[in-house]
Amino acid sequence: MIICINYPIYRYIVDYKQKQYLIINKISSDMNDSKGIIHWLFLKKWHPVPTVASTVALFSIIGVLFLILGIVITVINNQIIEVSLHKYNAQVDFNNEEQCQLNNATKNYTCTVEWDLPEIKAPIYFYYELENFYQNHRRYVSSKSSTQLSGTPIGSSDASTFCNPIKQESDLWDYQQKVHIDVNNKRIPRVANKTNVANPCGLIAKSFFNDTYKLFKEDGTTQVVIDETGISWPNDVGKKYQASPNTSTSQWINPENEHFIVWMRTAGLPQFRKLWGHIEEDLPAGKYKLQFEHNYDQTKFNGAKNIVMSTSGPFGGKNLFLAVAFIVVGVIQILIAIAFLIKKLKGGNSFGVRRAE
């Protein structure tokens, strides 16, 4: 049976018996190809017909490659050293509890906790980790002004549109209204006008993580240098995030502060870690003292604050999921190959019987 079908651009003749679709001519008036549309019917084509043997070979090769990658990543993971200090603020000597209470706008209490570390080779990455903090909430993620963060002032109407509910300086925390945090994380006193637009505004900015850290060797005087530069994406500093000309008086934090930039890149899971600095010297095994300012109140979201120090490999930090995923997929591919091999041994090399035409 042959049926002629008209379309606005092409006219088709469909031969259902031969299961062929022949384009006879192109009705469009702008056709300039001298060879015509029929020319495309004679292009050389390759229609692979898979056999059981080729399928077994394909799945076997893919399976072996995935298994090799999984084993390689596992070996690399085992060479990465990762140590963590869970709920570091809760491990402070309670005899000095009064000196380690939560800081406010005028007091900067420092706390010290001992930390046993294995031998770690440089470079070492120093992270803070939060638990039960949902940075992926829709309202939270959208509460910021990219225009303001790039150095352009915005009005109250824009602040209400993009930064709700943190629009004015009066919506900020108490310490954010009384100090300016510069690019080096230093606090400079300032006087805020509570009716002005908060700069930076929004929920992400207001919830900025502001604990600070210093690491000392066992003697308590020899400091391990934690480099806090180069922790953000290169294109962010001075481009996506720019300070206003009068940043020390008009902004509660300099948007070019790299800790602030790292914080503004929201995480997808409620437990996440963010890079705070990196150590470029080898650390011998032994006791160390972590000194920190207890500024961030994790009780507001019923969470926990942790510290993680880690080395890295070709695939980044320790990632057990990636290794397991490759191995599992590789095993599945091998099992499929075995199933097709059994089919070949029992039923031949063809997937079916070709019918006579």
# chains A, B, ... in the order shown; residues from 1 in each chain; ligands from 1
call {"tool": "select_by_dssp", "arguments": {"residues": "range 39-79 of chain A", "states": "helix (DSSP H, G or I)", "output": "PDB file with all heavy atoms, in the first residue's frame"}}
result
ATOM      1  N   HIS A  39      19.084  14.234  -3.508  1.00  0.00           N
ATOM      2  CA  HIS A  39      20.506  13.922  -3.346  1.00  0.00           C
ATOM      3  C   HIS A  39      20.787  13.279  -1.989  1.00  0.00           C
ATOM      4  O   HIS A  39      21.644  12.402  -1.863  1.00  0.00           O
ATOM      5  CB  HIS A  39      21.318  15.211  -3.508  1.00  0.00           C
ATOM      6  CG  HIS A  39      22.748  15.065  -3.073  1.00  0.00           C
ATOM      7  ND1 HIS A  39      23.674  14.325  -3.776  1.00  0.00           N
ATOM      8  CD2 HIS A  39      23.410  15.577  -1.998  1.00  0.00           C
ATOM      9  CE1 HIS A  39      24.842  14.392  -3.160  1.00  0.00           C
ATOM     10  NE2 HIS A  39      24.714  15.151  -2.074  1.00  0.00           N
ATOM     11  N   TRP A  40      20.034  13.706  -0.954  1.00  0.00           N
ATOM     12  CA  TRP A  40      20.300  13.194   0.387  1.00  0.00           C
ATOM     13  C   TRP A  40      19.931  11.722   0.532  1.00  0.00           C
ATOM     14  O   TRP A  40      20.406  11.042   1.430  1.00  0.00           O
ATOM     15  CB  TRP A  40      19.529  14.018   1.411  1.00  0.00           C
ATOM     16  CG  TRP A  40      19.985  15.441   1.441  1.00  0.00           C
ATOM     17  CD1 TRP A  40      19.375  16.514   0.891  1.00  0.00           C
ATOM     18  CD2 TRP A  40      21.195  15.928   2.028  1.00  0.00           C
ATOM     19  NE1 TRP A  40      20.107  17.660   1.094  1.00  0.00           N
ATOM     20  CE2 TRP A  40      21.233  17.327   1.796  1.00  0.00           C
ATOM     21  CE3 TRP A  40      22.240  15.327   2.726  1.00  0.00           C
ATOM     22  CZ2 TRP A  40      22.286  18.112   2.233  1.00  0.00           C
ATOM     23  CZ3 TRP A  40      23.285  16.120   3.176  1.00  0.00           C
ATOM     24  CH2 TRP A  40      23.300  17.497   2.926  1.00  0.00           C
ATOM     25  N   LEU A  41      19.101  11.204  -0.385  1.00  0.00           N
ATOM     26  CA  LEU A  41      18.729   9.792  -0.311  1.00  0.00           C
ATOM     27  C   LEU A  41      19.879   8.877  -0.667  1.00  0.00           C
ATOM     28  O   LEU A  41      19.860   7.689  -0.347  1.00  0.00           O
ATOM     29  CB  LEU A  41      17.551   9.507  -1.242  1.00  0.00           C
ATOM     30  CG  LEU A  41      16.227  10.191  -0.876  1.00  0.00           C
ATOM     31  CD1 LEU A  41      15.211   9.932  -1.975  1.00  0.00           C
ATOM     32  CD2 LEU A  41      15.729   9.683   0.452  1.00  0.00           C
ATOM     33  N   PHE A  42      20.895   9.413  -1.355  1.00  0.00           N
ATOM     34  CA  PHE A  42      21.979   8.568  -1.854  1.00  0.00           C
ATOM     35  C   PHE A  42      23.262   8.727  -1.045  1.00  0.00           C
ATOM     36  O   PHE A  42      24.320   8.277  -1.466  1.00  0.00           O
ATOM     37  CB  PHE A  42      22.245   8.897  -3.320  1.00  0.00           C
ATOM     38  CG  PHE A  42      21.046   8.687  -4.193  1.00  0.00           C
ATOM     39  CD1 PHE A  42      20.225   9.754  -4.544  1.00  0.00           C
ATOM     40  CD2 PHE A  42      20.696   7.418  -4.637  1.00  0.00           C
ATOM     41  CE1 PHE A  42      19.108   9.564  -5.330  1.00  0.00           C
ATOM     42  CE2 PHE A  42      19.579   7.221  -5.421  1.00  0.00           C
ATOM     43  CZ  PHE A  42      18.773   8.294  -5.783  1.00  0.00           C
ATOM     44  N   VAL A  52      25.653 -11.096  19.096  1.00  0.00           N
ATOM     45  CA  VAL A  52      25.858 -11.422  20.503  1.00  0.00           C
ATOM     46  C   VAL A  52      27.337 -11.305  20.859  1.00  0.00           C
ATOM     47  O   VAL A  52      27.707 -10.801  21.923  1.00  0.00           O
ATOM     48  CB  VAL A  52      25.333 -12.829  20.814  1.00  0.00           C
ATOM     49  CG1 VAL A  52      25.621 -13.200  22.270  1.00  0.00           C
ATOM     50  CG2 VAL A  52      23.835 -12.914  20.546  1.00  0.00           C
ATOM     51  N   ALA A  53      28.207 -11.726  19.951  1.00  0.00           N
ATOM     52  CA  ALA A  53      29.646 -11.668  20.221  1.00  0.00           C
ATOM     53  C   ALA A  53      30.131 -10.229  20.378  1.00  0.00           C
ATOM     54  O   ALA A  53      30.899  -9.915  21.294  1.00  0.00           O
ATOM     55  CB  ALA A  53      30.401 -12.361  19.092  1.00  0.00           C
ATOM     56  N   SER A  54      29.683  -9.347  19.481  1.00  0.00           N
ATOM     57  CA  SER A  54      30.108  -7.947  19.584  1.00  0.00           C
ATOM     58  C   SER A  54      29.546  -7.286  20.846  1.00  0.00           C
ATOM     59  O   SER A  54      30.203  -6.442  21.470  1.00  0.00           O
ATOM     60  CB  SER A  54      29.658  -7.180  18.348  1.00  0.00           C
ATOM     61  OG  SER A  54      28.235  -7.144  18.248  1.00  0.00           O
ATOM     62  N   THR A  55      28.337  -7.672  21.231  1.00  0.00           N
ATOM     63  CA  THR A  55      27.748  -7.133  22.451  1.00  0.00           C
ATOM     64  C   THR A  55      28.511  -7.588  23.683  1.00  0.00           C
ATOM     65  O   THR A  55      28.774  -6.803  24.599  1.00  0.00           O
ATOM     66  CB  THR A  55      26.280  -7.557  22.565  1.00  0.00           C
ATOM     67  OG1 THR A  55      25.568  -7.143  21.390  1.00  0.00           O
ATOM     68  CG2 THR A  55      25.627  -6.944  23.788  1.00  0.00           C
ATOM     69  N   VAL A  56      28.903  -8.860  23.712  1.00  0.00           N
ATOM     70  CA  VAL A  56      29.707  -9.374  24.828  1.00  0.00           C
ATOM     71  C   VAL A  56      31.026  -8.622  24.921  1.00  0.00           C
ATOM     72  O   VAL A  56      31.466  -8.220  26.015  1.00  0.00           O
ATOM     73  CB  VAL A  56      29.944 -10.889  24.665  1.00  0.00           C
ATOM     74  CG1 VAL A  56      30.976 -11.382  25.678  1.00  0.00           C
ATOM     75  CG2 VAL A  56      28.645 -11.649  24.831  1.00  0.00           C
ATOM     76  N   ALA A  57      31.666  -8.394  23.772  1.00  0.00           N
ATOM     77  CA  ALA A  57      32.945  -7.682  23.762  1.00  0.00           C
ATOM     78  C   ALA A  57      32.780  -6.250  24.255  1.00  0.00           C
ATOM     79  O   ALA A  57      33.601  -5.753  25.040  1.00  0.00           O
ATOM     80  CB  ALA A  57      33.530  -7.702  22.353  1.00  0.00           C
ATOM     81  N   LEU A  58      31.719  -5.571  23.798  1.00  0.00           N
ATOM     82  CA  LEU A  58      31.496  -4.182  24.185  1.00  0.00           C
ATOM     83  C   LEU A  58      31.280  -4.053  25.688  1.00  0.00           C
ATOM     84  O   LEU A  58      31.933  -3.235  26.358  1.00  0.00           O
ATOM     85  CB  LEU A  58      30.285  -3.627  23.432  1.00  0.00           C
ATOM     86  CG  LEU A  58      29.877  -2.183  23.775  1.00  0.00           C
ATOM     87  CD1 LEU A  58      30.986  -1.218  23.392  1.00  0.00           C
ATOM     88  CD2 LEU A  58      28.570  -1.821  23.075  1.00  0.00           C
ATOM     89  N   PHE A  59      30.374  -4.853  26.248  1.00  0.00           N
ATOM     90  CA  PHE A  59      30.100  -4.766  27.687  1.00  0.00           C
ATOM     91  C   PHE A  59      31.312  -5.195  28.512  1.00  0.00           C
ATOM     92  O   PHE A  59      31.556  -4.656  29.597  1.00  0.00           O
ATOM     93  CB  PHE A  59      28.885  -5.616  28.049  1.00  0.00           C
ATOM     94  CG  PHE A  59      27.576  -4.943  27.784  1.00  0.00           C
ATOM     95  CD1 PHE A  59      26.849  -5.200  26.637  1.00  0.00           C
ATOM     96  CD2 PHE A  59      27.061  -4.029  28.695  1.00  0.00           C
ATOM     97  CE1 PHE A  59      25.646  -4.561  26.391  1.00  0.00           C
ATOM     98  CE2 PHE A  59      25.857  -3.391  28.466  1.00  0.00           C
ATOM     99  CZ  PHE A  59      25.137  -3.653  27.298  1.00  0.00           C
ATOM    100  N   SER A  60      32.073  -6.160  28.003  1.00  0.00           N
ATOM    101  CA  SER A  60      33.271  -6.607  28.740  1.00  0.00           C
ATOM    102  C   SER A  60      34.317  -5.503  28.800  1.00  0.00           C
ATOM    103  O   SER A  60      34.905  -5.245  29.859  1.00  0.00           O
ATOM    104  CB  SER A  60      33.860  -7.849  28.073  1.00  0.00           C
ATOM    105  OG  SER A  60      32.935  -8.921  28.086  1.00  0.00           O
ATOM    106  N   ILE A  61      34.549  -4.829  27.683  1.00  0.00           N
ATOM    107  CA  ILE A  61      35.542  -3.751  27.658  1.00  0.00           C
ATOM    108  C   ILE A  61      35.133  -2.616  28.583  1.00  0.00           C
ATOM    109  O   ILE A  61      35.939  -2.116  29.372  1.00  0.00           O
ATOM    110  CB  ILE A  61      35.733  -3.247  26.206  1.00  0.00           C
ATOM    111  CG1 ILE A  61      36.383  -4.337  25.352  1.00  0.00           C
ATOM    112  CG2 ILE A  61      36.580  -1.978  26.178  1.00  0.00           C
ATOM    113  CD1 ILE A  61      36.432  -4.007  23.875  1.00  0.00           C
ATOM    114  N   ILE A  62      33.866  -2.207  28.494  1.00  0.00           N
ATOM    115  CA  ILE A  62      33.387  -1.120  29.357  1.00  0.00           C
ATOM    116  C   ILE A  62      33.479  -1.530  30.827  1.00  0.00           C
ATOM    117  O   ILE A  62      33.915  -0.744  31.681  1.00  0.00           O
ATOM    118  CB  ILE A  62      31.942  -0.739  28.993  1.00  0.00           C
ATOM    119  CG1 ILE A  62      31.887  -0.165  27.573  1.00  0.00           C
ATOM    120  CG2 ILE A  62      31.381   0.267  29.987  1.00  0.00           C
ATOM    121  CD1 ILE A  62      30.485   0.138  27.080  1.00  0.00           C
ATOM    122  N   GLY A  63      33.090  -2.761  31.132  1.00  0.00           N
ATOM    123  CA  GLY A  63      33.139  -3.228  32.515  1.00  0.00           C
ATOM    124  C   GLY A  63      34.548  -3.247  33.072  1.00  0.00           C
ATOM    125  O   GLY A  63      34.793  -2.808  34.202  1.00  0.00           O
ATOM    126  N   VAL A  64      35.493  -3.734  32.281  1.00  0.00           N
ATOM    127  CA  VAL A  64      36.888  -3.791  32.735  1.00  0.00           C
ATOM    128  C   VAL A  64      37.443  -2.389  32.955  1.00  0.00           C
ATOM    129  O   VAL A  64      38.133  -2.119  33.941  1.00  0.00           O
ATOM    130  CB  VAL A  64      37.742  -4.570  31.723  1.00  0.00           C
ATOM    131  CG1 VAL A  64      39.227  -4.428  32.053  1.00  0.00           C
ATOM    132  CG2 VAL A  64      37.349  -6.043  31.715  1.00  0.00           C
ATOM    133  N   LEU A  65      37.135  -1.461  32.036  1.00  0.00           N
ATOM    134  CA  LEU A  65      37.611  -0.081  32.180  1.00  0.00           C
ATOM    135  C   LEU A  65      37.062   0.556  33.450  1.00  0.00           C
ATOM    136  O   LEU A  65      37.793   1.230  34.194  1.00  0.00           O
ATOM    137  CB  LEU A  65      37.212   0.748  30.954  1.00  0.00           C
ATOM    138  CG  LEU A  65      37.954   0.448  29.652  1.00  0.00           C
ATOM    139  CD1 LEU A  65      37.394   1.279  28.508  1.00  0.00           C
ATOM    140  CD2 LEU A  65      39.451   0.726  29.813  1.00  0.00           C
ATOM    141  N   PHE A  66      35.782   0.357  33.714  1.00  0.00           N
ATOM    142  CA  PHE A  66      35.189   0.925  34.922  1.00  0.00           C
ATOM    143  C   PHE A  66      35.780   0.306  36.175  1.00  0.00           C
ATOM    144  O   PHE A  66      36.017   1.011  37.176  1.00  0.00           O
ATOM    145  CB  PHE A  66      33.672   0.746  34.905  1.00  0.00           C
ATOM    146  CG  PHE A  66      32.922   1.867  34.233  1.00  0.00           C
ATOM    147  CD1 PHE A  66      33.005   2.058  32.875  1.00  0.00           C
ATOM    148  CD2 PHE A  66      32.160   2.748  34.975  1.00  0.00           C
ATOM    149  CE1 PHE A  66      32.340   3.095  32.250  1.00  0.00           C
ATOM    150  CE2 PHE A  66      31.483   3.789  34.371  1.00  0.00           C
ATOM    151  CZ  PHE A  66      31.575   3.961  33.002  1.00  0.00           C
ATOM    152  N   LEU A  67      36.014  -0.991  36.162  1.00  0.00           N
ATOM    153  CA  LEU A  67      36.632  -1.636  37.323  1.00  0.00           C
ATOM    154  C   LEU A  67      38.033  -1.102  37.561  1.00  0.00           C
ATOM    155  O   LEU A  67      38.423  -0.841  38.717  1.00  0.00           O
ATOM    156  CB  LEU A  67      36.674  -3.156  37.116  1.00  0.00           C
ATOM    157  CG  LEU A  67      35.355  -3.912  37.316  1.00  0.00           C
ATOM    158  CD1 LEU A  67      35.531  -5.380  36.958  1.00  0.00           C
ATOM    159  CD2 LEU A  67      34.887  -3.783  38.757  1.00  0.00           C
ATOM    160  N   ILE A  68      38.806  -0.926  36.498  1.00  0.00           N
ATOM    161  CA  ILE A  68      40.168  -0.402  36.641  1.00  0.00           C
ATOM    162  C   ILE A  68      40.128   1.006  37.230  1.00  0.00           C
ATOM    163  O   ILE A  68      40.886   1.330  38.160  1.00  0.00           O
ATOM    164  CB  ILE A  68      40.896  -0.406  35.280  1.00  0.00           C
ATOM    165  CG1 ILE A  68      41.149  -1.854  34.831  1.00  0.00           C
ATOM    166  CG2 ILE A  68      42.206   0.369  35.361  1.00  0.00           C
ATOM    167  CD1 ILE A  68      41.720  -1.968  33.440  1.00  0.00           C
ATOM    168  N   LEU A  69      39.236   1.852  36.703  1.00  0.00           N
ATOM    169  CA  LEU A  69      39.124   3.217  37.229  1.00  0.00           C
ATOM    170  C   LEU A  69      38.708   3.213  38.699  1.00  0.00           C
ATOM    171  O   LEU A  69      39.226   3.985  39.511  1.00  0.00           O
ATOM    172  CB  LEU A  69      38.117   4.022  36.398  1.00  0.00           C
ATOM    173  CG  LEU A  69      38.611   4.558  35.060  1.00  0.00           C
ATOM    174  CD1 LEU A  69      37.453   5.170  34.281  1.00  0.00           C
ATOM    175  CD2 LEU A  69      39.701   5.596  35.263  1.00  0.00           C
ATOM    176  N   GLY A  70      37.763   2.339  39.052  1.00  0.00           N
ATOM    177  CA  GLY A  70      37.327   2.256  40.438  1.00  0.00           C
ATOM    178  C   GLY A  70      38.445   1.837  41.371  1.00  0.00           C
ATOM    179  O   GLY A  70      38.602   2.394  42.467  1.00  0.00           O
ATOM    180  N   ILE A  71      39.245   0.866  40.936  1.00  0.00           N
ATOM    181  CA  ILE A  71      40.369   0.402  41.762  1.00  0.00           C
ATOM    182  C   ILE A  71      41.423   1.491  41.890  1.00  0.00           C
ATOM    183  O   ILE A  71      41.975   1.725  42.980  1.00  0.00           O
ATOM    184  CB  ILE A  71      40.968  -0.888  41.159  1.00  0.00           C
ATOM    185  CG1 ILE A  71      39.952  -2.031  41.250  1.00  0.00           C
ATOM    186  CG2 ILE A  71      42.257  -1.270  41.881  1.00  0.00           C
ATOM    187  CD1 ILE A  71      40.354  -3.287  40.511  1.00  0.00           C
ATOM    188  N   VAL A  72      41.707   2.201  40.785  1.00  0.00           N
ATOM    189  CA  VAL A  72      42.700   3.281  40.820  1.00  0.00           C
ATOM    190  C   VAL A  72      42.251   4.384  41.779  1.00  0.00           C
ATOM    191  O   VAL A  72      43.047   4.896  42.593  1.00  0.00           O
ATOM    192  CB  VAL A  72      42.922   3.858  39.403  1.00  0.00           C
ATOM    193  CG1 VAL A  72      43.721   5.149  39.461  1.00  0.00           C
ATOM    194  CG2 VAL A  72      43.635   2.842  38.528  1.00  0.00           C
ATOM    195  N   ILE A  73      40.977   4.780  41.702  1.00  0.00           N
ATOM    196  CA  ILE A  73      40.470   5.833  42.595  1.00  0.00           C
ATOM    197  C   ILE A  73      40.510   5.367  44.046  1.00  0.00           C
ATOM    198  O   ILE A  73      40.810   6.153  44.951  1.00  0.00           O
ATOM    199  CB  ILE A  73      39.040   6.226  42.177  1.00  0.00           C
ATOM    200  CG1 ILE A  73      39.047   6.863  40.789  1.00  0.00           C
ATOM    201  CG2 ILE A  73      38.437   7.199  43.187  1.00  0.00           C
ATOM    202  CD1 ILE A  73      37.672   7.151  40.237  1.00  0.00           C
ATOM    203  N   THR A  74      40.240   4.078  44.295  1.00  0.00           N
ATOM    204  CA  THR A  74      40.313   3.546  45.657  1.00  0.00           C
ATOM    205  C   THR A  74      41.723   3.631  46.201  1.00  0.00           C
ATOM    206  O   THR A  74      41.947   4.018  47.360  1.00  0.00           O
ATOM    207  CB  THR A  74      39.817   2.090  45.686  1.00  0.00           C
ATOM    208  OG1 THR A  74      38.471   2.032  45.198  1.00  0.00           O
ATOM    209  CG2 THR A  74      39.870   1.527  47.096  1.00  0.00           C
ATOM    210  N   VAL A  75      42.708   3.269  45.368  1.00  0.00           N
ATOM    211  CA  VAL A  75      44.113   3.345  45.794  1.00  0.00           C
ATOM    212  C   VAL A  75      44.499   4.783  46.092  1.00  0.00           C
ATOM    213  O   VAL A  75      45.166   5.080  47.100  1.00  0.00           O
ATOM    214  CB  VAL A  75      45.037   2.750  44.703  1.00  0.00           C
ATOM    215  CG1 VAL A  75      46.509   2.991  45.038  1.00  0.00           C
ATOM    216  CG2 VAL A  75      44.770   1.255  44.544  1.00  0.00           C
ATOM    217  N   ILE A  76      44.067   5.714  45.231  1.00  0.00           N
ATOM    218  CA  ILE A  76      44.371   7.132  45.454  1.00  0.00           C
ATOM    219  C   ILE A  76      43.700   7.635  46.726  1.00  0.00           C
ATOM    220  O   ILE A  76      44.296   8.387  47.514  1.00  0.00           O
ATOM    221  CB  ILE A  76      43.925   7.969  44.240  1.00  0.00           C
ATOM    222  CG1 ILE A  76      44.785   7.623  43.018  1.00  0.00           C
ATOM    223  CG2 ILE A  76      44.018   9.462  44.539  1.00  0.00           C
ATOM    224  CD1 ILE A  76      44.336   8.289  41.739  1.00  0.00           C
ATOM    225  N   ASN A  77      42.451   7.213  46.967  1.00  0.00           N
ATOM    226  CA  ASN A  77      41.746   7.615  48.194  1.00  0.00           C
ATOM    227  C   ASN A  77      42.485   7.154  49.443  1.00  0.00           C
ATOM    228  O   ASN A  77      42.531   7.871  50.450  1.00  0.00           O
ATOM    229  CB  ASN A  77      40.326   7.051  48.204  1.00  0.00           C
ATOM    230  CG  ASN A  77      39.345   7.914  47.440  1.00  0.00           C
ATOM    231  OD1 ASN A  77      39.581   9.090  47.220  1.00  0.00           O
ATOM    232  ND2 ASN A  77      38.236   7.331  47.029  1.00  0.00           N
ATOM    233  N   ASN A  78      43.059   5.960  49.381  1.00  0.00           N
ATOM    234  CA  ASN A  78      43.775   5.436  50.541  1.00  0.00           C
ATOM    235  C   ASN A  78      45.046   6.219  50.829  1.00  0.00           C
ATOM    236  O   ASN A  78      45.570   6.167  51.949  1.00  0.00           O
ATOM    237  CB  ASN A  78      44.102   3.957  50.332  1.00  0.00           C
ATOM    238  CG  ASN A  78      42.859   3.083  50.342  1.00  0.00           C
ATOM    239  OD1 ASN A  78      41.841   3.442  50.933  1.00  0.00           O
ATOM    240  ND2 ASN A  78      42.917   1.944  49.669  1.00  0.00           N
ATOM    241  N   GLN A  79      45.553   6.931  49.834  1.00  0.00           N
ATOM    242  CA  GLN A  79      46.764   7.732  50.017  1.00  0.00           C
ATOM    243  C   GLN A  79      46.443   9.141  50.517  1.00  0.00           C
ATOM    244  O   GLN A  79      47.349   9.871  50.929  1.00  0.00           O
ATOM    245  CB  GLN A  79      47.543   7.817  48.704  1.00  0.00           C
ATOM    246  CG  GLN A  79      48.069   6.463  48.228  1.00  0.00           C
ATOM    247  CD  GLN A  79      48.708   6.547  46.853  1.00  0.00           C
ATOM    248  OE1 GLN A  79      48.598   7.559  46.165  1.00  0.00           O
ATOM    249  NE2 GLN A  79      49.396   5.488  46.460  1.00  0.00           N
TER     250      GLN A  79
END
call {"tool": "closest_atom_pairs", "arguments": {"of": "range 124-202 of chain A", "to": "range 230-238 of chain A", "cutoff": "12 Å", "atoms": "only C-alpha atoms", "output": "JSON lines"}}
result
{"residue": "A:Tyr125", "atom": "CA", "partner": "A:Ile231", "partner_atom": "CA", "distance": 9.7}
{"residue": "A:Phe126", "atom": "CA", "partner": "A:Ile231", "partner_atom": "CA", "distance": 10.2}
{"residue": "A:Tyr127", "atom": "CA", "partner": "A:Ile231", "partner_atom": "CA", "distance": 10.4}
{"residue": "A:Ser146", "atom": "CA", "partner": "A:Asp236", "partner_atom": "CA", "distance": 11.7}
{"residue": "A:Leu149", "atom": "CA", "partner": "A:Gly238", "partner_atom": "CA", "distance": 10.2}
{"residue": "A:Ser150", "atom": "CA", "partner": "A:Gly238", "partner_atom": "CA", "distance": 8.0}
{"residue": "A:Gly151", "atom": "CA", "partner": "A:Gly238", "partner_atom": "CA", "distance": 9.2}
{"residue": "A:Val183", "atom": "CA", "partner": "A:Val237", "partner_atom": "CA", "distance": 10.6}
call {"tool": "write_last_selection", "arguments": {"atoms": "C-alpha atoms", "output": "PDB file, in the first residue's frame"}}
result
ATOM      1  CA  TYR A 125      43.567  22.060  52.884  1.00  0.00           C
ATOM      2  CA  PHE A 126      41.832  23.483  55.938  1.00  0.00           C
ATOM      3  CA  TYR A 127      38.013  23.330  55.860  1.00  0.00           C
ATOM      4  CA  SER A 146      24.127  40.223  42.300  1.00  0.00           C
ATOM      5  CA  LEU A 149      27.594  42.403  45.181  1.00  0.00           C
ATOM      6  CA  SER A 150      29.311  43.620  41.995  1.00  0.00           C
ATOM      7  CA  GLY A 151      29.750  47.092  43.507  1.00  0.00           C
ATOM      8  CA  VAL A 183      39.350  41.713  53.104  1.00  0.00           C
TER       9      VAL A 183
END
call {"tool": "select_by_dssp", "arguments": {"residues": "range 282-331 of chain A", "states": "strand (DSSP E or B)", "output": "PyMOL selection string"}}
result
chain A and resi 283+286-293+304-310+313+316
call {"tool": "write_last_selection", "arguments": {"atoms": "N, CA, C and O atoms", "output": "compact mmCIF listing (two decimals), in the first residue's frame"}}
result
# COMPACT_ATOMS: atom_id res chain seq x y z
N LEU A 283 53.38 18.80 58.12
CA LEU A 283 53.12 18.78 59.55
C LEU A 283 53.55 17.43 60.11
O LEU A 283 53.00 16.39 59.72
N GLY A 286 51.97 14.68 65.93
CA GLY A 286 52.11 15.21 67.28
C GLY A 286 50.89 15.97 67.71
O GLY A 286 49.84 15.96 67.05
N LYS A 287 51.03 16.64 68.84
CA LYS A 287 49.92 17.43 69.40
C LYS A 287 49.99 18.86 68.88
O LYS A 287 51.07 19.46 68.83
N TYR A 288 48.84 19.39 68.54
CA TYR A 288 48.73 20.77 68.08
C TYR A 288 47.62 21.46 68.87
O TYR A 288 46.78 20.81 69.50
N LYS A 289 47.65 22.77 68.83
CA LYS A 289 46.63 23.55 69.51
C LYS A 289 45.89 24.41 68.50
O LYS A 289 46.51 25.21 67.79
N LEU A 290 44.59 24.20 68.43
CA LEU A 290 43.75 24.99 67.54
C LEU A 290 43.12 26.12 68.34
O LEU A 290 42.39 25.89 69.30
N GLN A 291 43.42 27.34 67.93
CA GLN A 291 42.84 28.51 68.58
C GLN A 291 41.79 29.10 67.65
O GLN A 291 42.05 29.32 66.47
N PHE A 292 40.61 29.36 68.17
CA PHE A 292 39.54 29.87 67.32
C PHE A 292 38.70 30.89 68.07
O PHE A 292 38.62 30.88 69.31
N GLU A 293 38.11 31.78 67.31
CA GLU A 293 37.14 32.72 67.85
C GLU A 293 35.75 32.12 67.68
O GLU A 293 35.33 31.81 66.56
N ALA A 304 26.05 21.65 64.00
CA ALA A 304 27.36 21.41 64.58
C ALA A 304 28.42 22.02 63.69
O ALA A 304 28.24 22.16 62.48
N LYS A 305 29.54 22.40 64.33
CA LYS A 305 30.67 22.96 63.61
C LYS A 305 31.86 22.01 63.72
O LYS A 305 32.22 21.60 64.82
N ASN A 306 32.45 21.66 62.59
CA ASN A 306 33.59 20.76 62.56
C ASN A 306 34.74 21.39 61.79
O ASN A 306 34.54 22.30 60.98
N ILE A 307 35.95 20.88 62.03
CA ILE A 307 37.12 21.27 61.26
C ILE A 307 37.64 20.03 60.54
O ILE A 307 37.72 18.95 61.14
N VAL A 308 38.01 20.17 59.28
CA VAL A 308 38.55 19.06 58.49
C VAL A 308 39.85 19.53 57.84
O VAL A 308 39.90 20.60 57.23
N MET A 309 40.90 18.73 57.99
CA MET A 309 42.16 18.97 57.28
C MET A 309 42.40 17.78 56.37
O MET A 309 42.29 16.63 56.78
N SER A 310 42.76 18.09 55.12
CA SER A 310 42.85 17.01 54.13
C SER A 310 43.90 17.34 53.08
O SER A 310 44.12 18.51 52.75
N GLY A 313 44.27 14.55 45.85
CA GLY A 313 44.83 13.71 44.80
C GLY A 313 44.44 14.22 43.44
O GLY A 313 43.87 15.32 43.31
N GLY A 316 40.87 15.32 43.31
CA GLY A 316 40.44 16.19 44.40
C GLY A 316 40.60 15.50 45.74
O GLY A 316 41.52 14.71 45.95
call {"tool": "closest_atom_pairs", "arguments": {"of": "range 249-274 of chain A", "to": "range 152-176 of chain A", "cutoff": "12 Å", "atoms": "only C-alpha atoms", "output": "CSV"}}
result
residue,atom,partner,partner_atom,distance
A:Thr249,CA,A:Gln176,CA,11.9
A:Ser250,CA,A:Pro153,CA,9.9
A:Gln251,CA,A:Gln176,CA,9.3
A:Trp252,CA,A:Gln176,CA,5.7
A:Ile253,CA,A:Gln176,CA,8.0
A:Asn254,CA,A:Gln176,CA,11.8
A:Pro255,CA,A:Thr152,CA,11.6
call {"tool": "closest_residue", "arguments": {"among": "A:Val324, A:Ile81, A:Ile181, A:Ala267", "to": "Pro118 in chain A", "atoms": "only C-alpha atoms"}}
result
A:Ile81
call {"tool": "residues_around", "arguments": {"residues": "Asp282 in chain A", "least_positions_apart": "4", "cutoff": "12 Å", "atoms": "only C-alpha atoms", "output": "number ranges by chain"}}
result
A: 117-125, 224-225, 278, 311
call {"tool": "closest_residue", "arguments": {"among": "A:Gln298, A:Asn132, A:Ser248, A:Gln177", "to": "Asp211 in chain A", "atoms": "only C-alpha atoms"}}
result
A:Gln298
call {"tool": "closest_residue", "arguments": {"among": "A:Phe301, A:Trp46, A:Phe326, A:Phe315", "to": "Glu131 in chain A", "atoms": "only C-alpha atoms"}}
result
A:Phe301
call {"tool": "residues_around", "arguments": {"residues": "Arg190 in chain A", "least_positions_apart": "2", "cutoff": "7 Å", "atoms": "only C-alpha atoms", "output": "list in words"}}
result
Lys178, Val179, His180, Ile188, Ala192 and Thr249 of chain A
